Each structure stands twice: as C-alpha cells, then as structure tokens.
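Enquirer: Quick one, model-v1.cif (mmCIF, C-alpha atoms):
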data_work
#
loop_
_atom_site.label_atom_id
_atom_site.label_comp_id
_atom_site.auth_asym_id
_atom_site.auth_seq_id
_atom_site.Cartn_x
_atom_site.Cartn_y
_atom_site.Cartn_z
CA MET Q 10 51.09 10.36 274.75
CA HIS Q 11 50.27 10.23 271.05
CA ALA Q 12 52.82 10.06 268.25
CA ASP Q 13 52.27 10.68 264.60
CA ARG Q 14 51.64 7.47 262.76
CA ALA Q 15 50.62 6.44 259.30
CA VAL Q 16 49.37 3.10 258.07
CA THR Q 17 49.16 1.47 254.69
CA ALA Q 18 47.08 -1.64 254.19
CA GLY Q 19 47.03 -4.36 251.59
CA HIS Q 20 45.94 -7.94 251.23
CA SER Q 21 48.41 -10.78 251.30
CA PRO Q 22 47.94 -14.25 249.92
CA ALA Q 23 47.60 -17.03 252.44
CA SER Q 24 50.66 -19.18 252.73
CA SER Q 25 50.45 -22.80 251.73
CA SER Q 26 52.05 -25.83 253.26
CA ASN Q 27 52.51 -29.42 252.17
CA ASP Q 28 52.71 -30.64 255.75
CA GLY Q 29 49.52 -32.52 256.75
CA GLU Q 30 49.35 -31.09 260.29
CA SER Q 31 49.94 -27.54 259.04
CA THR Q 32 47.30 -28.02 256.35
CA GLN Q 33 44.77 -29.24 258.93
CA ALA Q 34 45.57 -26.32 261.26
CA SER Q 35 45.41 -23.90 258.34
CA GLY Q 36 42.01 -25.32 257.36
CA GLY Q 37 40.79 -24.86 260.93
CA HIS Q 38 42.22 -21.34 260.94
CA ALA Q 39 40.46 -20.44 257.67
CA ALA Q 40 37.18 -21.88 258.95
CA LEU Q 41 37.41 -19.92 262.22
CA VAL Q 42 38.28 -16.71 260.34
CA SER Q 43 35.23 -17.21 258.09
CA LYS Q 44 32.99 -17.87 261.09
CA LEU Q 45 34.35 -14.76 262.86
CA VAL Q 46 33.81 -12.58 259.77
CA ALA Q 47 30.19 -13.76 259.48
CA TYR Q 48 29.62 -13.00 263.18
CA LEU Q 49 31.16 -9.52 262.90
CA LYS Q 50 29.14 -8.67 259.78
CA GLU Q 51 25.93 -9.76 261.55
CA SER Q 52 26.99 -7.42 264.38
CA GLY Q 53 27.17 -4.44 262.00
CA ARG Q 54 30.90 -4.35 261.35
CA GLN Q 55 32.82 -4.06 258.08
CA THR Q 56 35.66 -6.60 257.90
CA TRP Q 57 38.90 -7.19 256.04
CA GLU Q 58 40.69 -10.54 256.16
CA GLU Q 59 44.40 -11.36 255.97
CA VAL Q 60 45.44 -7.71 255.94
CA LYS Q 61 49.01 -6.46 256.21
CA PHE Q 62 49.67 -3.00 257.61
CA LYS Q 63 52.80 -0.93 257.72
CA VAL Q 64 52.72 1.20 260.83
CA PHE Q 65 55.00 4.20 260.83
CA ALA Q 66 55.51 5.38 264.39
CA ALA Q 67 58.15 6.51 266.79
CA ALA Q 68 60.56 3.60 267.26
CA GLU Q 69 60.29 3.65 271.06
CA MET Q 70 56.54 2.97 270.81
CA ILE Q 71 57.14 -0.45 269.24
CA ASN Q 72 60.71 -1.17 270.40
CA TRP Q 73 62.12 -1.19 266.88
CA ALA Q 74 65.74 -0.12 266.52
CA THR Q 75 64.80 2.97 264.51
CA SER Q 76 61.62 4.51 263.20
CA THR Q 77 62.69 3.38 259.70
CA ASP Q 78 62.95 -0.26 260.83
CA ILE Q 79 59.34 -1.03 259.92
CA ALA Q 80 58.04 -4.53 259.34
CA PRO Q 81 54.57 -5.37 258.02
CA VAL Q 82 51.97 -6.13 260.67
CA HIS Q 83 49.55 -8.96 259.95
CA ALA Q 84 45.92 -8.95 261.04
CA ASP Q 85 43.82 -12.08 260.55
CA VAL Q 86 40.75 -9.83 260.67
CA PHE Q 87 40.48 -6.05 260.89
CA SER Q 88 37.07 -4.52 261.45
CA LEU Q 89 35.31 -1.18 261.71
CA ARG Q 90 31.83 -0.40 262.94
CA GLN Q 91 29.67 0.58 259.95
CA THR Q 92 29.08 4.27 260.59
CA GLN Q 93 29.39 7.65 258.90
CA ASP Q 94 30.96 9.06 262.08
CA LYS Q 95 34.68 8.28 262.09
CA ALA Q 96 34.78 8.93 265.85
CA GLN Q 97 32.51 5.87 266.25
CA ALA Q 98 34.42 3.58 263.84
CA ASN Q 99 35.92 1.47 266.66
CA PRO Q 100 38.75 -0.22 264.70
CA CYS Q 101 39.59 -3.68 266.09
CA VAL Q 102 42.18 -6.33 265.26
CA TYR Q 103 41.46 -10.04 265.71
CA GLN Q 104 44.25 -12.61 265.97
CA VAL Q 105 42.82 -16.07 265.29
CA VAL Q 106 44.59 -19.01 266.93
CA VAL Q 107 43.41 -22.60 266.66
CA THR Q 108 46.08 -24.43 268.68
CA ARG Q 109 48.16 -23.78 271.81
CA SER Q 110 51.27 -23.50 269.66
CA ASP Q 111 49.53 -20.82 267.51
CA PHE Q 112 48.70 -18.89 270.66
CA LEU Q 113 52.21 -19.17 272.14
CA ALA Q 114 53.75 -18.07 268.82
CA ALA Q 115 51.41 -15.07 268.67
CA MET Q 116 52.23 -14.12 272.27
CA ALA Q 117 55.94 -14.12 271.39
CA GLN Q 118 55.33 -11.43 268.74
CA ARG Q 119 55.30 -8.41 271.07
CA GLN Q 120 56.26 -5.90 268.38
CA GLN Q 121 53.40 -7.04 266.16
CA ARG Q 122 50.87 -6.64 268.97
CA ALA Q 123 52.30 -3.22 269.90
CA ALA Q 124 51.91 -2.07 266.29
CA CYS Q 125 48.33 -3.40 266.22
CA GLU Q 126 47.57 -1.35 269.33
CA LEU Q 127 48.54 1.79 267.40
CA ILE Q 128 45.94 1.16 264.67
CA SER Q 129 43.10 -0.31 266.72
CA GLU Q 130 40.98 0.49 269.72
CA GLY Q 131 40.84 -3.16 270.76
CA PHE Q 132 42.89 -6.30 270.13
CA TYR Q 133 41.21 -9.70 270.46
CA PHE Q 134 42.56 -13.21 270.43
CA VAL Q 135 39.90 -15.54 268.98
CA ALA Q 136 40.21 -19.27 269.62
CA PRO Q 137 38.17 -22.43 269.98
CA VAL Q 138 36.91 -22.95 273.53
CA GLY Q 139 39.67 -24.30 275.78
CA VAL Q 140 42.70 -23.21 273.72
CA VAL Q 141 43.32 -19.92 275.59
CA SER Q 142 42.44 -18.94 279.13
CA PRO Q 143 41.76 -15.27 279.97
CA HIS Q 144 44.35 -15.26 282.76
CA GLU Q 145 47.06 -15.94 280.14
CA LEU Q 146 46.45 -12.61 278.39
CA PRO Q 147 48.12 -9.31 279.22
CA ALA Q 148 45.66 -6.65 280.44
CA PRO Q 149 44.89 -4.80 277.19
CA TYR Q 150 43.86 -7.88 275.17
CA GLY Q 151 40.43 -9.39 274.78
CA LEU Q 152 39.46 -13.01 274.25
CA GLY Q 153 36.67 -14.38 272.11
CA THR Q 154 35.94 -18.09 271.98
CA SER Q 155 34.07 -20.16 269.46
CA ASP Q 156 32.10 -23.37 269.74
CA GLN Q 157 29.29 -25.03 267.77
CA THR Q 158 26.75 -22.46 269.00
CA GLY Q 159 28.70 -19.31 268.08
CA PHE Q 160 31.02 -16.78 269.69
CA THR Q 161 31.40 -15.61 273.26
CA VAL Q 162 33.43 -12.60 274.38
CA VAL Q 163 35.12 -14.09 277.43
CA GLN Q 164 37.20 -11.00 278.16
CA ALA Q 165 36.72 -7.59 276.56
CA PRO Q 166 39.89 -5.72 275.65
CA VAL Q 167 40.85 -2.46 277.30
CA PHE Q 168 39.74 -0.04 274.59
CA THR Q 169 41.96 2.89 273.63
CA LYS Q 170 40.16 5.56 271.60
CA HIS Q 171 41.74 6.34 268.21
CA LEU Q 172 40.36 8.80 265.70
CA LEU Q 173 41.17 7.54 262.21
CA GLN Q 174 42.72 10.16 259.97
CA PRO Q 175 42.73 10.06 256.16
CA PRO Q 176 46.23 8.95 255.17
CA PRO Q 177 46.46 5.99 257.56
CA PHE Q 178 44.40 3.61 255.46
CA ALA Q 179 45.81 3.99 251.96
CA ALA Q 180 45.71 0.70 250.10
CA ALA Q 181 49.06 -0.79 249.24
CA SER Q 182 49.58 -2.21 245.79
#
Could you render the structure from this file as structure tokens?
Expert:
Amino acid sequence: MHADRAVTAGHSPASSSNDGESTQASGGHAALVSKLVAYLKESGRQTWEEVKFKVFAAAEMINWATSTDIAPVHADVFSLRQTQDKAQANPCVYQVVVTRSDFLAAMAQRQQRAACELISEGFYFVAPVGVVSPHELPAPYGLGTSDQTGFTVVQAPVFTKHLLQPPPFAAAS
C-alpha cells in the first residue's frame, strides 16, 4: 500500500554541549559520520550529512495523531547512488550511534524510523564494532560496523523500492 507523501530537506546545525562526556561522544559521532561519508563516496554514492526532512504522509503510516502533526525527521547521513536513472537511485538513511545509550535512544524513536522508511529504500544503523548486535534490530533494519580497518555490513536491510518523484526533495530554507 502506497500513500502520497512529500518531503522537504534542509541542513541543521549540530547541537553543542558543555558536558565533557557529551562532547566526547559527539566528537566520536562526528568522526564516525565523516568516516561513513568517505566510505559511501568511495562506493559511488552521493551523501548529505545532518539532514532534516519533513515527511508528509497519511497519519496511520507513522502513528501520528493527524496527518498535520508532522515533526522533522533527522538523518545523520542520507545517500543516493550516483546515477542518471532515478529508478536506480537507492536512497538510504544511516543512523550513526557510538554508544549503547545512543542506540537505545534511537530505538525508542519509532516514529522517526517509520518516517525514514517512507523516504528510503534501506535504513542502516552504523556503530563501532560491539555496540550493536544484529539480533537487537527489527527485521527491516541493516547494521554496519566500523573498526580501524573500515566498514563491514553485518546485516543488510530489507530494501523497499521507492521511486523518487520531483517535489519530495525540495530544499528547505
């Protein structure tokens, strides 16, 4: 079942924190995002970092009270395959987590993940080795891990084909 949906995208500034632990985690997060972006670009993908989307969809698809109750959806990294054929674009969302608490907080955001599913063919959690185990993830989500040698796709997501249409990716000001 497909519902009409529209998406707007814009960049958001990274939040800052004075807390030492948060600063260290945020530094690790930024480093892992940068490493992921480099890997994806080497793999022939175009990337956008720290993107916020507004997904307009039927409320029952995301469990919002009404279809006008729309909150921005955050993607650490959004990527498309570099191609002229929009049917082959393969939009993917990557949620980067560097600690167990990051992962547990992300798992609690069911509406955010549901909205990401509407704009992507695959949703990945990306974490340092040992932070997330594949058996902890619901069926549609993939897992990529990072160590000193690079990235490993531990579990591929269940891909859902989406054909991108022109208004969905209008830049927000």
Enquirer: I need the residue nearest Ser110 (chain Q) from this list: Q:Ala136, Q:Ala40, Q:Ala98, Q:Val86. Use only C-alpha atoms for the distance.
Expert: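 Closest candidate: Q:Ala136.
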Enquirer: Taking (37.1, -9.2, 258.8) as a centre in this file's frame and 9 Å as the limit, can you find every polymer residue with an atom that close, using only C-alpha atoms, and give them as a list in words?
Expert: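 Checking each residue against the 9 Å limit leaves Val42, Ser43, Leu45, Val46, Ala47, Leu49, Lys50, Arg54, Gln55, Thr56, Trp57, Glu58, Glu59, Val60, Asp85, Val86, Phe87, Ser88, Leu89, Val102 and Tyr103 of chain Q.
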Enquirer: Any chance you can output those residues with C-alpha atoms as a tab-separated table (two decimals), in the frame of the given file?
Expert:
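To be explicit, this is the file written out as selection.tsv:
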chain	number	residue	atom	x	y	z
Q	42	VAL	CA	38.28	-16.71	260.34
Q	43	SER	CA	35.23	-17.21	258.09
Q	45	LEU	CA	34.35	-14.76	262.86
Q	46	VAL	CA	33.81	-12.58	259.77
Q	47	ALA	CA	30.19	-13.76	259.48
Q	49	LEU	CA	31.16	-9.52	262.90
Q	50	LYS	CA	29.14	-8.67	259.78
Q	54	ARG	CA	30.90	-4.35	261.35
Q	55	GLN	CA	32.82	-4.06	258.08
Q	56	THR	CA	35.66	-6.60	257.90
Q	57	TRP	CA	38.90	-7.19	256.04
Q	58	GLU	CA	40.69	-10.54	256.16
Q	59	GLU	CA	44.40	-11.36	255.97
Q	60	VAL	CA	45.44	-7.71	255.94
Q	85	ASP	CA	43.82	-12.08	260.55
Q	86	VAL	CA	40.75	-9.83	260.67
Q	87	PHE	CA	40.48	-6.05	260.89
Q	88	SER	CA	37.07	-4.52	261.45
Q	89	LEU	CA	35.31	-1.18	261.71
Q	102	VAL	CA	42.18	-6.33	265.26
Q	103	TYR	CA	41.46	-10.04	265.71
Enquirer: Nearest to Phe112 (chain Q) among Q:Asp156, Q:Glu51, Q:Glu145, Q:Glu126, with distances taken over only C-alpha atoms: which residue is it?
Expert: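 Going through Q:Asp156, Q:Glu51, Q:Glu145, Q:Glu126 one by one, the smallest distance to Phe112 (chain Q) is for Q:Glu145.
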Enquirer: Using all atoms listed in the file, pick whichever of Q:Gly37, Q:Arg90, Q:Pro100, Q:Leu113 has the shortest atom-to-atom distance to Leu127 (chain Q).
Expert: Q:Pro100
Enquirer: One number please: CA of Lys95 (chain Q) to CA of Ser52 (chain Q), in Å, one decimal.
Expert: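 Distance reported for this atom pair: 17.6 Å.
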Enquirer: For the PyMOL selection byres ((chain Q and resi 160) around 10), applied here, can you spell out every residue it catches as an MDAnalysis selection string?
Expert: chainID Q and resid 44:45 48:49 135:138 153:159 161:163
